[in-house]
Amino acid sequence: MNGHAIEAHGLVKDFGGFRAVDGIDLAVPAGSIFGVLGPNGAGKTTTLRMLLGIIDPDAGHRTLLGEARPLKVARQVGYLPEERGLYPGMQAREAIAFMGALRGLPLKEGRARADQMLEAHGLGAARRKPIRTLSKGMAQTVQLLGTLVHRPRLIVLDEPFSGLDALNQERLEAVIRAQAADGVTILFSTHVIAHAERLCQRVAIIAGGRVRFEGGVEEARARLKPEVRLATRAADGPWRAALPSGAVREGHLWRFALPDSGVEPLLKALIDGGAGIETLSIERPGLHDAFVAIAGEAAAKAMDGHALEDAA
Ligand SMILES: Nc1ncnc2c1ncn2[C@@H]1O[C@H](COP(=O)(O)OP(=O)(O)OP(=O)(O)O)[C@@H](O)[C@H]1O
């Protein structure tokens, strides 16, 4: 498997005359948490479906757990699709056992594991309740447990945080971390940058059906220089020569990228130039800023707009 749970080269998918995925390359290291980031319609779901073998690419190839035909390893894979849904009349434990059975786990074992898992997730009392009587958050947890019950080596989650309240989002993050600690590979898609930033070792930023960046979260952040925010007592003076040409003034605050020469020469020039430094902070860019730089302002706005909808 050469250390990668998933590898994809040049994946293309057309729907009618529309190219939804336009030559995507991905390499997901085994045992890592990998995020596929991108705005609505970027091609995330289509990419995940191709990786899993639910649909075939029009061009390119992929291997899943070292296998060129992904469905051959379906029993070692857990998949939470973007469209959630369980049979409303089924009891919670049965729903989990049923999902396990679809991946080859004997029903009896599935029920026993379902009981343990529900208990561990504070849903012991809901074991025999029909899905229709559960809250939306509880039903989503049941579906997540059904995704994990056969103990897959690889878990693929499509927008798993969508529709969850803050508490359930935290719980989901904990589940993902615990699975990763057990050596499971996790690939998830999201349009909420914060989740990817907190969880992932690596991310692929997708926009318009293409990968705009693939690499470590730190690497993405390192593409941008730290930002200096400066407030001075003096409105003008020789110190202004110390500001780089791209410096932006916002009210009494200056914002600019930290010059390559670093903070000390900057400070010296400001002080010698009589700036009268009131406040000065240097902030490392977050993944969001890196996303804006990589995918563009429009894509970032689309992500933010969607994230706000979710929070509402
Ligand atoms: N079966 C299909 N038939 C036609 N067009 C499709 C189909 N599936 C996806 N598309 C189109 O392909 C593009 C990519 O869709 P996809 O669902 O992969 O994006 P996404 O990044 O997962 O976004 P979202 O979060 O909105 O699902 C969109 O423009 C979508 O309308």
# chains A, B, ... in the order shown; residues from 1 in each chain; ligands from 1

$ residues_around --residues "A:Glu119" --least-positions-apart "5" --cutoff "12 Å" --atoms "only C-alpha atoms" --output "PyMOL selection string"
chain A and resi 92-93+112-114+124-128+141-142+145

$ residues_around --residues "A:Glu250" --least-positions-apart "4" --cutoff "10 Å" --atoms "only C-alpha atoms" --output "PyMOL selection string"
chain A and resi 229+231+254-255

$ closest_residue --among "A:Leu26, A:Thr133, A:Thr190, A:Gly100" --to "ligand 1" --atoms "only C-alpha atoms and all ligand atoms"
A:Thr190

$ residues_near_ligand --ligand "ligand 1" --cutoff "10 Å" --atoms "only C-alpha atoms and all ligand atoms" --output "PyMOL selection string"
chain A and resi 13-21+36-50+55+82-83+158-159+162+189-191+206-209+303+306

$ residues_around --residues "stretch 152-157 of chain A" --least-positions-apart "3" --cutoff "6 Å" --atoms "only C-alpha atoms" --output "PyMOL selection string"
chain A and resi 76-80+160+184-188

$ atom_distance --atom1 "atom CA of A:Val211" --atom2 "atom CA of A:Leu11"
10.6 Å

$ closest_atom_pairs --of "stretch 179-239 of chain A" --to "stretch 278-299 of chain A" --cutoff "7 Å" --atoms "only C-alpha atoms" --output "CSV"
residue,atom,partner,partner_atom,distance
A:Ile193,CA,A:His288,CA,6.2
A:Glu197,CA,A:Leu287,CA,6.3
A:Ala207,CA,A:Ala295,CA,6.4
A:Arg212,CA,A:Ala295,CA,6.3
A:Phe213,CA,A:Ile294,CA,7.0
A:Val217,CA,A:Leu287,CA,6.8
A:Ala220,CA,A:Ala290,CA,5.9
A:Arg221,CA,A:Ala290,CA,5.4
A:Arg223,CA,A:Ala290,CA,6.9
A:Leu224,CA,A:Ala290,CA,6.5
A:Pro226,CA,A:Arg284,CA,4.5
A:Glu227,CA,A:Glu283,CA,5.2
A:Val228,CA,A:Ile282,CA,4.5
A:Arg229,CA,A:Ser281,CA,5.2
A:Leu230,CA,A:Leu280,CA,4.5
A:Ala231,CA,A:Thr279,CA,5.1
A:Thr232,CA,A:Glu278,CA,5.0
A:Arg233,CA,A:Glu278,CA,6.3

$ closest_residue --among "A:Leu258, A:Pro238, A:Glu94, A:Gly246" --to "A:Ile271" --atoms "only C-alpha atoms"
A:Pro238

$ closest_residue --among "A:Arg151, A:Met90, A:Asp58, A:Gly137" --to "A:Ala166" --atoms "only C-alpha atoms"
A:Gly137

$ closest_residue --among "A:Pro130, A:Asp272, A:Ala120, A:Leu266" --to "A:Gly89" --atoms "only C-alpha atoms"
A:Pro130

$ select_by_dssp --residues "stretch 21-210 of chain A" --states "strand (DSSP E)" --output "NGL selection string"
:A and (21-29 or 33-37 or 59-64 or 77-80 or 154-158 or 185-190 or 202-207 or 210)

$ write_last_selection --atoms "N, CA and C atoms" --output "CSV table (one decimal), in the first residue's frame"
chain,number,residue,atom,x,y,z
A,21,VAL,N,-15.5,17.3,-11.9
A,21,VAL,CA,-14.2,17.1,-11.3
A,21,VAL,C,-13.2,17.0,-12.5
A,22,ASP,N,-12.1,17.8,-12.3
A,22,ASP,CA,-11.3,18.2,-13.5
A,22,ASP,C,-9.8,17.8,-13.3
A,23,GLY,N,-9.6,16.5,-13.0
A,23,GLY,CA,-8.2,16.1,-12.9
A,23,GLY,C,-7.6,16.2,-11.5
A,24,ILE,N,-8.3,15.4,-10.6
A,24,ILE,CA,-7.9,15.5,-9.2
A,24,ILE,C,-6.8,14.4,-8.8
A,25,ASP,N,-5.8,14.9,-8.2
A,25,ASP,CA,-4.7,14.0,-7.6
A,25,ASP,C,-4.8,14.1,-6.1
A,26,LEU,N,-4.8,13.0,-5.4
A,26,LEU,CA,-4.8,12.9,-4.0
A,26,LEU,C,-3.9,11.8,-3.5
A,27,ALA,N,-3.3,12.0,-2.3
A,27,ALA,CA,-2.6,10.9,-1.7
A,27,ALA,C,-2.9,11.0,-0.2
A,28,VAL,N,-3.6,10.1,0.4
A,28,VAL,CA,-4.0,10.1,1.8
A,28,VAL,C,-3.1,9.2,2.6
A,29,PRO,N,-2.2,9.6,3.4
A,29,PRO,CA,-1.3,8.7,4.1
A,29,PRO,C,-2.1,7.8,5.1
A,33,ILE,N,-5.5,11.9,9.4
A,33,ILE,CA,-6.8,12.5,9.3
A,33,ILE,C,-6.6,13.5,8.1
A,34,PHE,N,-7.4,13.4,7.1
A,34,PHE,CA,-7.2,14.1,5.9
A,34,PHE,C,-8.5,14.9,5.6
A,35,GLY,N,-8.4,16.2,5.3
A,35,GLY,CA,-9.6,17.0,5.0
A,35,GLY,C,-9.6,17.4,3.6
A,36,VAL,N,-10.8,17.3,3.0
A,36,VAL,CA,-11.1,17.8,1.7
A,36,VAL,C,-11.9,19.0,1.8
A,37,LEU,N,-11.3,20.2,1.6
A,37,LEU,CA,-11.9,21.5,1.8
A,37,LEU,C,-12.4,22.1,0.5
A,59,ALA,N,-12.0,9.5,-16.4
A,59,ALA,CA,-10.6,9.4,-16.7
A,59,ALA,C,-9.8,9.4,-15.4
A,60,GLY,N,-8.6,8.9,-15.4
A,60,GLY,CA,-7.8,8.8,-14.2
A,60,GLY,C,-8.0,7.5,-13.5
A,61,HIS,N,-7.2,7.3,-12.4
A,61,HIS,CA,-7.4,6.0,-11.7
A,61,HIS,C,-7.1,6.3,-10.2
A,62,ARG,N,-7.6,5.4,-9.4
A,62,ARG,CA,-7.4,5.5,-7.9
A,62,ARG,C,-7.2,4.1,-7.3
A,63,THR,N,-6.6,4.1,-6.1
A,63,THR,CA,-6.5,2.9,-5.4
A,63,THR,C,-7.0,3.2,-4.0
A,64,LEU,N,-7.7,2.2,-3.4
A,64,LEU,CA,-8.3,2.4,-2.1
A,64,LEU,C,-7.7,1.2,-1.3
A,77,VAL,N,-14.1,-0.5,4.8
A,77,VAL,CA,-14.3,0.9,4.6
A,77,VAL,C,-15.6,1.3,5.3
A,78,GLY,N,-15.7,2.4,6.0
A,78,GLY,CA,-16.9,3.0,6.5
A,78,GLY,C,-17.2,4.3,5.8
A,79,TYR,N,-18.4,4.5,5.4
A,79,TYR,CA,-18.8,5.7,4.6
A,79,TYR,C,-20.0,6.3,5.2
A,80,LEU,N,-19.9,7.6,5.5
A,80,LEU,CA,-21.1,8.4,5.9
A,80,LEU,C,-21.4,9.4,4.8
A,154,LEU,N,-10.6,2.3,7.1
A,154,LEU,CA,-10.6,3.6,6.4
A,154,LEU,C,-12.1,4.1,6.6
A,155,ILE,N,-12.2,5.4,7.0
A,155,ILE,CA,-13.5,6.0,7.2
A,155,ILE,C,-13.6,7.2,6.3
A,156,VAL,N,-14.6,7.3,5.5
A,156,VAL,CA,-14.8,8.5,4.6
A,156,VAL,C,-16.1,9.1,5.1
A,157,LEU,N,-16.0,10.4,5.4
A,157,LEU,CA,-17.2,11.1,6.0
A,157,LEU,C,-17.5,12.3,5.1
A,158,ASP,N,-18.7,12.4,4.6
A,158,ASP,CA,-19.0,13.5,3.7
A,158,ASP,C,-19.7,14.6,4.5
A,185,THR,N,-7.5,5.3,9.1
A,185,THR,CA,-7.4,6.5,8.2
A,185,THR,C,-8.7,7.2,8.1
A,186,ILE,N,-8.7,8.5,8.2
A,186,ILE,CA,-10.0,9.2,8.1
A,186,ILE,C,-9.9,10.3,7.0
A,187,LEU,N,-10.8,10.2,6.1
A,187,LEU,CA,-10.9,11.3,5.1
A,187,LEU,C,-12.3,11.9,5.3
A,188,PHE,N,-12.3,13.2,5.4
A,188,PHE,CA,-13.6,13.9,5.5
A,188,PHE,C,-13.7,15.1,4.7
A,189,SER,N,-14.9,15.5,4.2
A,189,SER,CA,-15.0,16.7,3.4
A,189,SER,C,-15.7,17.7,4.3
A,190,THR,N,-15.4,19.0,4.1
A,190,THR,CA,-16.0,20.0,4.8
A,190,THR,C,-15.9,21.4,4.1
A,202,ARG,N,-3.3,16.7,7.1
A,202,ARG,CA,-3.2,17.2,5.7
A,202,ARG,C,-4.5,17.6,5.2
A,203,VAL,N,-4.5,18.5,4.2
A,203,VAL,CA,-5.7,18.9,3.6
A,203,VAL,C,-5.5,19.0,2.1
A,204,ALA,N,-6.6,18.8,1.3
A,204,ALA,CA,-6.7,19.2,-0.1
A,204,ALA,C,-7.7,20.3,-0.2
A,205,ILE,N,-7.3,21.4,-0.8
A,205,ILE,CA,-8.2,22.5,-1.0
A,205,ILE,C,-8.7,22.4,-2.5
A,206,ILE,N,-10.0,22.2,-2.6
A,206,ILE,CA,-10.6,22.0,-3.9
A,206,ILE,C,-11.5,23.1,-4.3
A,207,ALA,N,-11.4,23.6,-5.5
A,207,ALA,CA,-12.3,24.6,-6.0
A,207,ALA,C,-12.4,24.4,-7.5
A,210,ARG,N,-10.9,21.2,-9.1
A,210,ARG,CA,-9.4,21.0,-9.2
A,210,ARG,C,-8.9,21.1,-7.8

$ select_by_dssp --residues "stretch 26-253 of chain A" --states "helix (DSSP H, G or I)" --output "ChimeraX atom specification"
/A:44-52,70-76,92-102,107-120,124-126,131-133,136-148,166-181,193-199,217-222,238-242

$ closest_atom_pairs --of "stretch 193-220 of chain A" --to "stretch 168-181 of chain A" --cutoff "9 Å" --atoms "only C-alpha atoms" --output "Markdown table"
| residue | atom | partner | partner_atom | distance |
| --- | --- | --- | --- | --- |
| A:His195 | CA | A:Glu173 | CA | 8.1 |
| A:Arg198 | CA | A:Glu173 | CA | 8.8 |
| A:Leu199 | CA | A:Glu173 | CA | 7.3 |

$ atom_distance --atom1 "atom CA of A:His150" --atom2 "atom CA of A:Glu109"
9.3 Å

$ closest_residue --among "A:Gly10, A:Pro88, A:Gly146, A:Gly66" --to "A:Asp115" --atoms "only C-alpha atoms"
A:Gly146

$ atom_distance --atom1 "atom CA of A:Leu134" --atom2 "atom CA of A:Gly122"
13.1 Å

$ closest_residue --among "A:Gly53, A:Gly163, A:Gly31, A:Gly110" --to "A:Arg84" --atoms "only C-alpha atoms"
A:Gly163
